[in-house]
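S.K.: As input, take upload.txt (compact mmCIF, C-alpha atoms):
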# COMPACT_ATOMS: atom_id res chain seq x y z
CA MET A 1 -14.14 21.90 -16.04
CA GLU A 2 -10.84 23.62 -15.14
CA ALA A 3 -9.25 20.22 -14.58
CA LEU A 4 -10.42 18.97 -17.98
CA ILE A 5 -8.97 21.88 -19.92
CA GLY A 6 -5.89 22.35 -17.75
CA ALA A 7 -6.71 25.83 -16.50
CA PRO A 8 -4.27 26.95 -13.79
CA ALA A 9 -5.42 27.12 -10.18
CA ARG A 10 -6.47 30.56 -9.05
CA GLU A 11 -4.75 30.12 -5.71
CA ARG A 12 -1.53 28.20 -5.10
CA ARG A 13 -2.28 26.67 -1.72
CA VAL A 14 0.28 24.24 -0.27
CA PRO A 15 -1.51 22.49 2.59
CA ALA A 16 0.49 21.16 5.53
CA TYR A 17 -1.18 18.16 7.14
CA ALA A 18 -0.57 14.89 8.93
CA VAL A 19 -3.13 12.10 9.17
CA THR A 20 -3.24 8.59 10.55
CA THR A 21 -4.94 6.18 8.19
CA ARG A 22 -7.37 3.51 9.33
CA ASP A 23 -4.59 0.93 8.97
CA GLY A 24 -2.29 2.92 11.29
CA ARG A 25 0.03 4.58 8.77
CA THR A 26 1.01 8.22 9.18
CA ILE A 27 0.76 10.25 5.98
CA THR A 28 1.95 13.83 5.77
CA ALA A 29 2.18 16.37 3.01
CA ASP A 30 5.96 15.90 3.14
CA THR A 31 5.81 12.10 2.77
CA LEU A 32 3.69 12.55 -0.37
CA ARG A 33 6.01 15.10 -2.00
CA GLY A 34 6.94 13.86 -5.46
CA ARG A 35 3.58 12.12 -5.95
CA VAL A 36 0.32 13.41 -7.40
CA VAL A 37 -2.32 13.21 -4.67
CA PHE A 38 -6.08 13.09 -5.07
CA VAL A 39 -7.65 14.07 -1.74
CA ASN A 40 -11.34 13.27 -1.29
CA VAL A 41 -13.24 14.70 1.70
CA TRP A 42 -16.33 12.58 2.37
CA ALA A 43 -18.67 11.03 4.93
CA THR A 44 -20.50 7.71 5.19
CA TRP A 45 -23.84 9.54 5.57
CA CYS A 46 -23.37 11.51 2.32
CA PRO A 47 -25.20 9.87 -0.66
CA PRO A 48 -23.07 11.56 -3.38
CA CYS A 49 -19.92 10.51 -1.49
CA ARG A 50 -21.12 6.94 -1.41
CA ALA A 51 -21.95 7.01 -5.12
CA GLU A 52 -18.54 8.29 -6.26
CA MET A 53 -16.35 5.94 -4.22
CA PRO A 54 -16.23 3.06 -6.75
CA ALA A 55 -15.01 5.51 -9.42
CA LEU A 56 -12.35 6.84 -7.03
CA GLN A 57 -11.16 3.30 -6.35
CA GLN A 58 -10.93 2.74 -10.13
CA LEU A 59 -8.85 5.91 -10.51
CA ALA A 60 -6.60 4.84 -7.64
CA ASP A 61 -6.08 1.43 -9.23
CA ALA A 62 -5.56 2.82 -12.74
CA TYR A 63 -2.86 5.34 -11.80
CA ALA A 64 -1.14 3.95 -8.69
CA ALA A 65 1.77 2.53 -10.69
CA GLU A 66 2.33 5.95 -12.28
CA GLY A 67 2.52 7.74 -8.93
CA LEU A 68 -1.04 8.77 -8.03
CA VAL A 69 -2.02 8.53 -4.37
CA MET A 70 -5.72 8.54 -3.56
CA LEU A 71 -6.31 9.78 -0.01
CA GLY A 72 -9.75 9.71 1.57
CA LEU A 73 -10.49 12.08 4.44
CA SER A 74 -13.62 11.04 6.31
CA VAL A 75 -15.37 13.67 8.43
CA ASP A 76 -17.48 11.06 10.24
CA ARG A 77 -17.90 11.55 13.99
CA GLY A 78 -19.33 8.14 14.85
CA PRO A 79 -17.37 5.04 15.76
CA ALA A 80 -14.30 4.47 13.62
CA GLU A 81 -15.43 0.87 13.19
CA ALA A 82 -18.42 2.13 11.19
CA VAL A 83 -16.06 3.79 8.71
CA ASP A 84 -13.97 0.61 8.55
CA ALA A 85 -17.07 -1.49 7.83
CA PHE A 86 -18.23 0.99 5.18
CA LEU A 87 -14.86 0.80 3.40
CA ALA A 88 -14.71 -2.99 3.60
CA GLU A 89 -18.24 -3.39 2.21
CA ARG A 90 -17.29 -1.31 -0.83
CA GLY A 91 -13.83 -2.77 -1.40
CA ILE A 92 -12.08 0.56 -0.84
CA THR A 93 -8.35 -0.09 -0.50
CA TYR A 94 -6.80 3.36 -0.84
CA PRO A 95 -5.70 5.08 2.39
CA VAL A 96 -8.46 6.70 4.44
CA ALA A 97 -8.17 8.77 7.61
CA ILE A 98 -10.85 10.16 9.87
CA VAL A 99 -10.04 13.83 10.33
CA ARG A 100 -11.11 16.95 12.19
CA GLY A 101 -11.49 20.47 10.90
CA ASP A 102 -7.82 21.44 11.12
CA VAL A 103 -6.88 19.05 8.31
CA ILE A 104 -9.79 20.22 6.15
CA ASP A 105 -8.87 23.85 6.88
CA ALA A 106 -5.34 23.20 5.59
CA PHE A 107 -6.89 22.62 2.17
CA GLY A 108 -8.93 25.82 2.39
CA GLY A 109 -12.04 24.27 3.90
CA VAL A 110 -15.05 22.77 2.19
CA ARG A 111 -18.57 24.04 1.58
CA GLY A 112 -20.15 20.66 0.93
CA TYR A 113 -19.49 16.96 0.59
CA PRO A 114 -17.86 15.43 -1.24
CA THR A 115 -15.08 17.86 -2.04
CA SER A 116 -11.90 16.76 -3.77
CA PHE A 117 -8.49 18.32 -4.29
CA LEU A 118 -5.92 17.37 -6.90
CA VAL A 119 -2.43 18.12 -5.58
CA ASP A 120 0.67 18.21 -7.77
CA LYS A 121 4.08 16.65 -7.01
CA SER A 122 5.23 19.84 -5.26
CA GLY A 123 2.26 19.76 -2.89
CA VAL A 124 0.31 22.56 -4.58
CA VAL A 125 -3.48 22.22 -4.85
CA ARG A 126 -4.06 22.52 -8.58
CA HIS A 127 -7.76 21.71 -8.77
CA ALA A 128 -10.67 21.62 -6.32
CA VAL A 129 -14.04 20.04 -7.08
CA MET A 130 -17.14 20.37 -4.91
CA GLY A 131 -19.60 17.55 -5.51
CA PRO A 132 -19.07 14.16 -7.07
CA VAL A 133 -16.14 13.99 -9.45
CA GLY A 134 -16.37 12.88 -13.05
CA PRO A 135 -13.52 10.41 -13.55
CA LEU A 136 -13.48 11.04 -17.30
CA THR A 137 -13.09 14.76 -16.62
CA LEU A 138 -10.29 14.19 -14.12
CA ARG A 139 -8.24 11.69 -16.08
CA PRO A 140 -6.69 14.38 -18.34
CA ALA A 141 -5.76 16.49 -15.30
CA ILE A 142 -4.27 13.48 -13.50
CA ARG A 143 -2.26 12.49 -16.59
CA ARG A 144 -0.99 16.08 -17.01
CA LEU A 145 0.17 16.29 -13.39
CA LEU A 146 1.78 12.84 -13.49
CA ALA A 147 3.74 13.91 -16.58
CA GLU A 148 4.98 17.17 -15.04
CA PRO A 149 8.44 17.25 -13.49
CA LEU A 150 8.70 17.88 -9.77
CA GLY A 151 8.94 21.57 -8.97
CA ARG A 152 7.01 22.97 -11.92
How would this structure read if it were set down as structure tokens?
M.R.:
Amino acid sequence: MEALIGAPARERRVPAYAVTTRDGRTITADTLRGRVVFVNVWATWCPPCRAEMPALQQLADAYAAEGLVMLGLSVDRGPAEAVDAFLAERGITYPVAIVRGDVIDAFGGVRGYPTSFLVDKSGVVRHAVMGPVGPLTLRPAIRRLLAEPLGR
């Protein structure tokens, strides 16, 4: 709801992280500076995570040209190939990394899956959502952050 109405974040966390995506790219908080980043923490065994992924792909596709980066952080502990197969079966093309607790802790931790964070161009977490996201609710927040100048 805070994202929909544009309420300010209660805490101004600036997570520092570095991940290696399933296609071998290294992504850090610094390399994403200047872009709005939607971080989704999920697992293949999580039914709500599975259900929301098509909507996340749609958001990624809809706003990529405007500067949105969708970043999936899988907490799976099984073979990486299982995550790769899961992504391929669902047509997920945005960057995904398999991470450990230190990366999740950088965002303030999670209490359940999925959990998502909307990060502004300066790297500040502006919104956190536990549970499946409502794309219609998030679109106004994404548009607001994309329109903001860097450093606001």
S.K.: Measuring atom to atom with only C-alpha atoms, identify which of A:Arg111, A:Arg100, A:Arg50, A:Arg143 is nearest to Ala18 (chain A).
M.R.: A:Arg100
S.K.: Tell me which protein, DNA and RNA residues are within 10 Å of Asp105 (chain A), counting only C-alpha atoms, leaving out same-chain ones fewer than 3 positions away, and put them as a PyMOL selection string.
M.R.: chain A and resi 15-17+100-102+108-110
S.K.: Can I get the residues of region 79-116 of chain A within 7 Å of region 60-74 of chain A, each with the closest pair of atoms and their distance in Å to one decimal, using all atoms listed in the file, sorted chain first then ascending number, as CSV?
M.R.:
residue,atom,partner,partner_atom,distance
A:Tyr94,CA,A:Met70,CA,5.9
A:Pro95,CA,A:Leu71,CA,5.3
A:Val96,CA,A:Gly72,CA,4.4
A:Ala97,CA,A:Leu73,CA,5.1
A:Ile98,CA,A:Ser74,CA,4.6
A:Val99,CA,A:Ser74,CA,6.1
S.K.: Take CA of Ser122 (chain A) and CA of Phe107 (chain A) and report the distance between them in Å, one decimal.
M.R.: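 Computing it gives 14.5 Å between the two atoms.
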S.K.: May I have a table of the residues of region 10-56 of chain A lying at most 9 Å from region 129-137 of chain A, giving each one's closest pair of atoms and their distance in Å to one decimal, counting only C-alpha atoms, ordered by chain and ascending residue number, as a Markdown table?
M.R.:
| residue | atom | partner | partner_atom | distance |
| --- | --- | --- | --- | --- |
| A:Pro48 | CA | A:Pro132 | CA | 6.0 |
| A:Cys49 | CA | A:Pro132 | CA | 6.7 |
| A:Ala51 | CA | A:Pro132 | CA | 8.0 |
| A:Glu52 | CA | A:Pro132 | CA | 5.9 |
| A:Ala55 | CA | A:Pro135 | CA | 6.6 |
| A:Leu56 | CA | A:Pro135 | CA | 7.5 |
S.K.: Rank nothing, just name the residue among A:Pro140, A:Gly24, A:Gly151, A:Gly78 nearest to Val124 (chain A), using all atoms listed in the file.
M.R.: A:Gly151
S.K.: May I ask which of the residues A:Ile27, A:Ile92, A:Val19, A:Val39 is the closest one to Ala128 (chain A), counting only C-alpha atoms?
M.R.: A:Val39
S.K.: Complete the atom set of region 137-148 of chain A to N, CA, C and O atoms and return it as an mmCIF file, in the frame of the given file.
M.R.:
data_model
loop_
_atom_site.group_PDB
_atom_site.id
_atom_site.type_symbol
_atom_site.label_atom_id
_atom_site.label_comp_id
_atom_site.auth_asym_id
_atom_site.auth_seq_id
_atom_site.Cartn_x
_atom_site.Cartn_y
_atom_site.Cartn_z
ATOM 1 N N THR A 137 -13.537 13.369 -16.635
ATOM 2 C CA THR A 137 -13.090 14.760 -16.620
ATOM 3 C C THR A 137 -11.729 14.871 -15.940
ATOM 4 O O THR A 137 -10.882 15.644 -16.358
ATOM 5 N N LEU A 138 -11.530 14.085 -14.892
ATOM 6 C CA LEU A 138 -10.290 14.190 -14.120
ATOM 7 C C LEU A 138 -9.111 13.459 -14.723
ATOM 8 O O LEU A 138 -7.974 13.818 -14.463
ATOM 9 N N ARG A 139 -9.353 12.459 -15.512
ATOM 10 C CA ARG A 139 -8.240 11.690 -16.080
ATOM 11 C C ARG A 139 -7.232 12.570 -16.824
ATOM 12 O O ARG A 139 -6.031 12.420 -16.633
ATOM 13 N N PRO A 140 -7.688 13.521 -17.667
ATOM 14 C CA PRO A 140 -6.690 14.380 -18.340
ATOM 15 C C PRO A 140 -5.861 15.198 -17.349
ATOM 16 O O PRO A 140 -4.653 15.348 -17.534
ATOM 17 N N ALA A 141 -6.491 15.704 -16.300
ATOM 18 C CA ALA A 141 -5.760 16.490 -15.300
ATOM 19 C C ALA A 141 -4.765 15.612 -14.556
ATOM 20 O O ALA A 141 -3.625 16.017 -14.313
ATOM 21 N N ILE A 142 -5.168 14.412 -14.206
ATOM 22 C CA ILE A 142 -4.270 13.480 -13.500
ATOM 23 C C ILE A 142 -3.083 13.149 -14.398
ATOM 24 O O ILE A 142 -1.932 13.211 -13.965
ATOM 25 N N ARG A 143 -3.354 12.829 -15.653
ATOM 26 C CA ARG A 143 -2.260 12.490 -16.590
ATOM 27 C C ARG A 143 -1.295 13.669 -16.763
ATOM 28 O O ARG A 143 -0.081 13.476 -16.802
ATOM 29 N N ARG A 144 -1.845 14.888 -16.865
ATOM 30 C CA ARG A 144 -0.990 16.080 -17.010
ATOM 31 C C ARG A 144 -0.077 16.228 -15.799
ATOM 32 O O ARG A 144 1.121 16.468 -15.938
ATOM 33 N N LEU A 145 -0.645 16.101 -14.603
ATOM 34 C CA LEU A 145 0.170 16.290 -13.390
ATOM 35 C C LEU A 145 1.182 15.169 -13.222
ATOM 36 O O LEU A 145 2.301 15.404 -12.758
ATOM 37 N N LEU A 146 0.811 13.947 -13.577
ATOM 38 C CA LEU A 146 1.780 12.840 -13.490
ATOM 39 C C LEU A 146 2.947 13.054 -14.445
ATOM 40 O O LEU A 146 4.074 12.656 -14.138
ATOM 41 N N ALA A 147 2.697 13.684 -15.575
ATOM 42 C CA ALA A 147 3.740 13.910 -16.580
ATOM 43 C C ALA A 147 4.652 15.102 -16.240
ATOM 44 O O ALA A 147 5.756 15.187 -16.770
ATOM 45 N N GLU A 148 4.178 15.987 -15.380
ATOM 46 C CA GLU A 148 4.980 17.170 -15.040
ATOM 47 C C GLU A 148 6.174 16.803 -14.178
ATOM 48 O O GLU A 148 6.063 15.943 -13.306
#
